[in-house]
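Right, one structure below, let's go through it.
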Amino acid sequence: MREIKFRAYIRDEGRLLNVNLIDFDDEYVRVWDEYGENEEEWFLKDCELMQYTGLKDMYGRDIYEGDVVEFEVSLIRTKAEVKYSRNQFIVSMNSVMPRSLDLYLVKIIGNKFENPELLGVEE
């Protein structure tokens, strides 16, 4: 069975936290603090949720939507954001057609929130 888990980017605080519970009826998310010790609650509207892809990078780290990964395509090192599209997690490389994430051996180098410069985005 595929492991389903999420993390949340808290927009106002600029923090990326692991999700413990999502309550869609009352529209809040419960997250662990940075140390995995205390729980906090945030409204869903104040968070950006990212789902775990079920895949790990070359160092065994969990890959989530919004991660920026580096990998090799035709002997060229490239980087791209992990996205969900058409029932699969993909990497979209500039003008190249998006490809399934599971086709590559990738290394997480950051995420779109804390490291927008990796994607050529200015803050």
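In the structure tokens, each chain is lettered A, B, ... as it comes, each chain's residues begin at 1, and ligands are numbered from 1 in order of appearance.
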
Members of range 1-80 of chain A assigned strand (DSSP E) by DSSP, as a VMD selection string: chain A and resid 6 to 10 15 to 23 28 to 32 39 to 43 47 to 56 62 to 64 67 to 73 76 to 80

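The residues of chain A that DSSP assigns to helix (DSSP H, G or I) on this backbone come out as Leu44, Lys45, Asp46, Leu101, Asp102, Leu103, Pro116, Glu117, Leu118 and Leu119 of chain A.
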
Kindly save the residues from that selection, with all heavy atoms included, as a PDB file, in the first residue's frame.
```
ATOM      1  N   LEU A  44      -6.551  25.960   6.496  1.00  0.00           N
ATOM      2  CA  LEU A  44      -6.081  25.496   5.195  1.00  0.00           C
ATOM      3  C   LEU A  44      -5.793  26.651   4.247  1.00  0.00           C
ATOM      4  O   LEU A  44      -4.862  26.595   3.456  1.00  0.00           O
ATOM      5  CB  LEU A  44      -7.104  24.546   4.563  1.00  0.00           C
ATOM      6  CG  LEU A  44      -7.126  23.128   5.120  1.00  0.00           C
ATOM      7  CD1 LEU A  44      -8.304  22.354   4.541  1.00  0.00           C
ATOM      8  CD2 LEU A  44      -5.834  22.411   4.842  1.00  0.00           C
ATOM      9  N   LYS A  45      -6.573  27.722   4.360  1.00  0.00           N
ATOM     10  CA  LYS A  45      -6.376  28.868   3.467  1.00  0.00           C
ATOM     11  C   LYS A  45      -5.034  29.558   3.694  1.00  0.00           C
ATOM     12  O   LYS A  45      -4.552  30.288   2.829  1.00  0.00           O
ATOM     13  CB  LYS A  45      -7.525  29.872   3.609  1.00  0.00           C
ATOM     14  CG  LYS A  45      -7.612  30.550   4.961  1.00  0.00           C
ATOM     15  CD  LYS A  45      -8.775  31.539   5.021  1.00  0.00           C
ATOM     16  CE  LYS A  45      -8.950  32.164   6.363  1.00  0.00           C
ATOM     17  NZ  LYS A  45      -7.803  32.828   6.924  1.00  0.00           N
ATOM     18  N   ASP A  46      -4.410  29.320   4.842  1.00  0.00           N
ATOM     19  CA  ASP A  46      -3.121  29.928   5.161  1.00  0.00           C
ATOM     20  C   ASP A  46      -1.938  29.019   4.822  1.00  0.00           C
ATOM     21  O   ASP A  46      -0.790  29.366   5.094  1.00  0.00           O
ATOM     22  CB  ASP A  46      -3.060  30.278   6.657  1.00  0.00           C
ATOM     23  CG  ASP A  46      -4.134  31.285   7.045  1.00  0.00           C
ATOM     24  OD1 ASP A  46      -4.440  32.167   6.230  1.00  0.00           O
ATOM     25  OD2 ASP A  46      -4.659  31.172   8.159  1.00  0.00           O
ATOM     26  N   LEU A 101       8.215  11.578 -13.044  1.00  0.00           N
ATOM     27  CA  LEU A 101       9.296  11.702 -12.064  1.00  0.00           C
ATOM     28  C   LEU A 101      10.028  10.383 -11.849  1.00  0.00           C
ATOM     29  O   LEU A 101      11.239  10.362 -11.662  1.00  0.00           O
ATOM     30  CB  LEU A 101       8.728  12.216 -10.734  1.00  0.00           C
ATOM     31  CG  LEU A 101       9.682  12.302  -9.550  1.00  0.00           C
ATOM     32  CD1 LEU A 101      10.797  13.297  -9.830  1.00  0.00           C
ATOM     33  CD2 LEU A 101       8.933  12.694  -8.294  1.00  0.00           C
ATOM     34  N   ASP A 102       9.312   9.279 -11.912  1.00  0.00           N
ATOM     35  CA  ASP A 102       9.937   7.997 -11.597  1.00  0.00           C
ATOM     36  C   ASP A 102      10.874   7.475 -12.695  1.00  0.00           C
ATOM     37  O   ASP A 102      11.469   6.411 -12.567  1.00  0.00           O
ATOM     38  CB  ASP A 102       8.893   6.942 -11.230  1.00  0.00           C
ATOM     39  CG  ASP A 102       7.919   6.642 -12.357  1.00  0.00           C
ATOM     40  OD1 ASP A 102       7.988   7.300 -13.409  1.00  0.00           O
ATOM     41  OD2 ASP A 102       7.082   5.749 -12.167  1.00  0.00           O
ATOM     42  N   LEU A 103      11.075   8.239 -13.757  1.00  0.00           N
ATOM     43  CA  LEU A 103      12.005   7.845 -14.816  1.00  0.00           C
ATOM     44  C   LEU A 103      13.446   8.227 -14.501  1.00  0.00           C
ATOM     45  O   LEU A 103      14.365   7.793 -15.182  1.00  0.00           O
ATOM     46  CB  LEU A 103      11.613   8.518 -16.142  1.00  0.00           C
ATOM     47  CG  LEU A 103      10.282   8.110 -16.752  1.00  0.00           C
ATOM     48  CD1 LEU A 103      10.019   8.933 -18.010  1.00  0.00           C
ATOM     49  CD2 LEU A 103      10.272   6.623 -17.076  1.00  0.00           C
ATOM     50  N   PRO A 116      13.155  29.787  -4.307  1.00  0.00           N
ATOM     51  CA  PRO A 116      12.596  30.103  -5.628  1.00  0.00           C
ATOM     52  C   PRO A 116      13.658  30.426  -6.670  1.00  0.00           C
ATOM     53  O   PRO A 116      13.443  30.244  -7.867  1.00  0.00           O
ATOM     54  CB  PRO A 116      11.687  31.305  -5.361  1.00  0.00           C
ATOM     55  CG  PRO A 116      12.237  31.923  -4.122  1.00  0.00           C
ATOM     56  CD  PRO A 116      12.782  30.784  -3.313  1.00  0.00           C
ATOM     57  N   GLU A 117      14.843  30.868  -6.214  1.00  0.00           N
ATOM     58  CA  GLU A 117      15.916  31.189  -7.141  1.00  0.00           C
ATOM     59  C   GLU A 117      16.394  29.968  -7.943  1.00  0.00           C
ATOM     60  O   GLU A 117      16.929  30.099  -9.042  1.00  0.00           O
ATOM     61  CB  GLU A 117      17.095  31.831  -6.407  1.00  0.00           C
ATOM     62  CG  GLU A 117      17.878  30.892  -5.505  1.00  0.00           C
ATOM     63  CD  GLU A 117      17.260  30.581  -4.132  1.00  0.00           C
ATOM     64  OE1 GLU A 117      16.173  31.108  -3.813  1.00  0.00           O
ATOM     65  OE2 GLU A 117      17.879  29.808  -3.386  1.00  0.00           O
ATOM     66  N   LEU A 118      16.161  28.769  -7.401  1.00  0.00           N
ATOM     67  CA  LEU A 118      16.558  27.549  -8.120  1.00  0.00           C
ATOM     68  C   LEU A 118      15.769  27.375  -9.414  1.00  0.00           C
ATOM     69  O   LEU A 118      16.222  26.711 -10.327  1.00  0.00           O
ATOM     70  CB  LEU A 118      16.376  26.315  -7.228  1.00  0.00           C
ATOM     71  CG  LEU A 118      17.277  26.226  -6.004  1.00  0.00           C
ATOM     72  CD1 LEU A 118      16.870  25.044  -5.142  1.00  0.00           C
ATOM     73  CD2 LEU A 118      18.737  26.114  -6.425  1.00  0.00           C
ATOM     74  N   LEU A 119      14.598  27.983  -9.456  1.00  0.00           N
ATOM     75  CA  LEU A 119      13.742  27.890 -10.642  1.00  0.00           C
ATOM     76  C   LEU A 119      13.787  29.175 -11.465  1.00  0.00           C
ATOM     77  O   LEU A 119      12.981  29.368 -12.368  1.00  0.00           O
ATOM     78  CB  LEU A 119      12.311  27.580 -10.229  1.00  0.00           C
ATOM     79  CG  LEU A 119      12.104  26.246  -9.521  1.00  0.00           C
ATOM     80  CD1 LEU A 119      10.723  26.148  -8.922  1.00  0.00           C
ATOM     81  CD2 LEU A 119      12.379  25.099 -10.477  1.00  0.00           C
TER      82      LEU A 119
END
```

Skip Ala80 in chain A itself and residues of its chain fewer than 3 positions away, then list as a PDB file with C-alpha atoms, in the first residue's frame all residues within 8 Å of it, counting only C-alpha atoms.
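Output saved as around.pdb:
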```
ATOM      1  CA  VAL A  68      13.142  21.197  -6.763  1.00  0.00           C
ATOM      2  CA  VAL A  69      15.164  18.244  -7.970  1.00  0.00           C
ATOM      3  CA  GLU A  70      18.311  17.872 -10.025  1.00  0.00           C
ATOM      4  CA  VAL A  91       9.200  17.053 -13.585  1.00  0.00           C
ATOM      5  CA  SER A  92       8.685  19.899 -16.019  1.00  0.00           C
ATOM      6  CA  MET A  93      11.854  21.166 -17.677  1.00  0.00           C
ATOM      7  CA  LEU A 119      13.742  27.890 -10.642  1.00  0.00           C
TER       8      LEU A 119
END
```

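From CA of Phe24 in chain A back to CA of Arg61 in chain A, the distance works out to 27.8 Å.
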
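Comparing the minimum interatomic distances between Lys107 in chain A and each of A:Glu3, A:Asp57, A:Asp62, A:Glu48, counting only C-alpha atoms, we find that A:Asp57 sits nearest.
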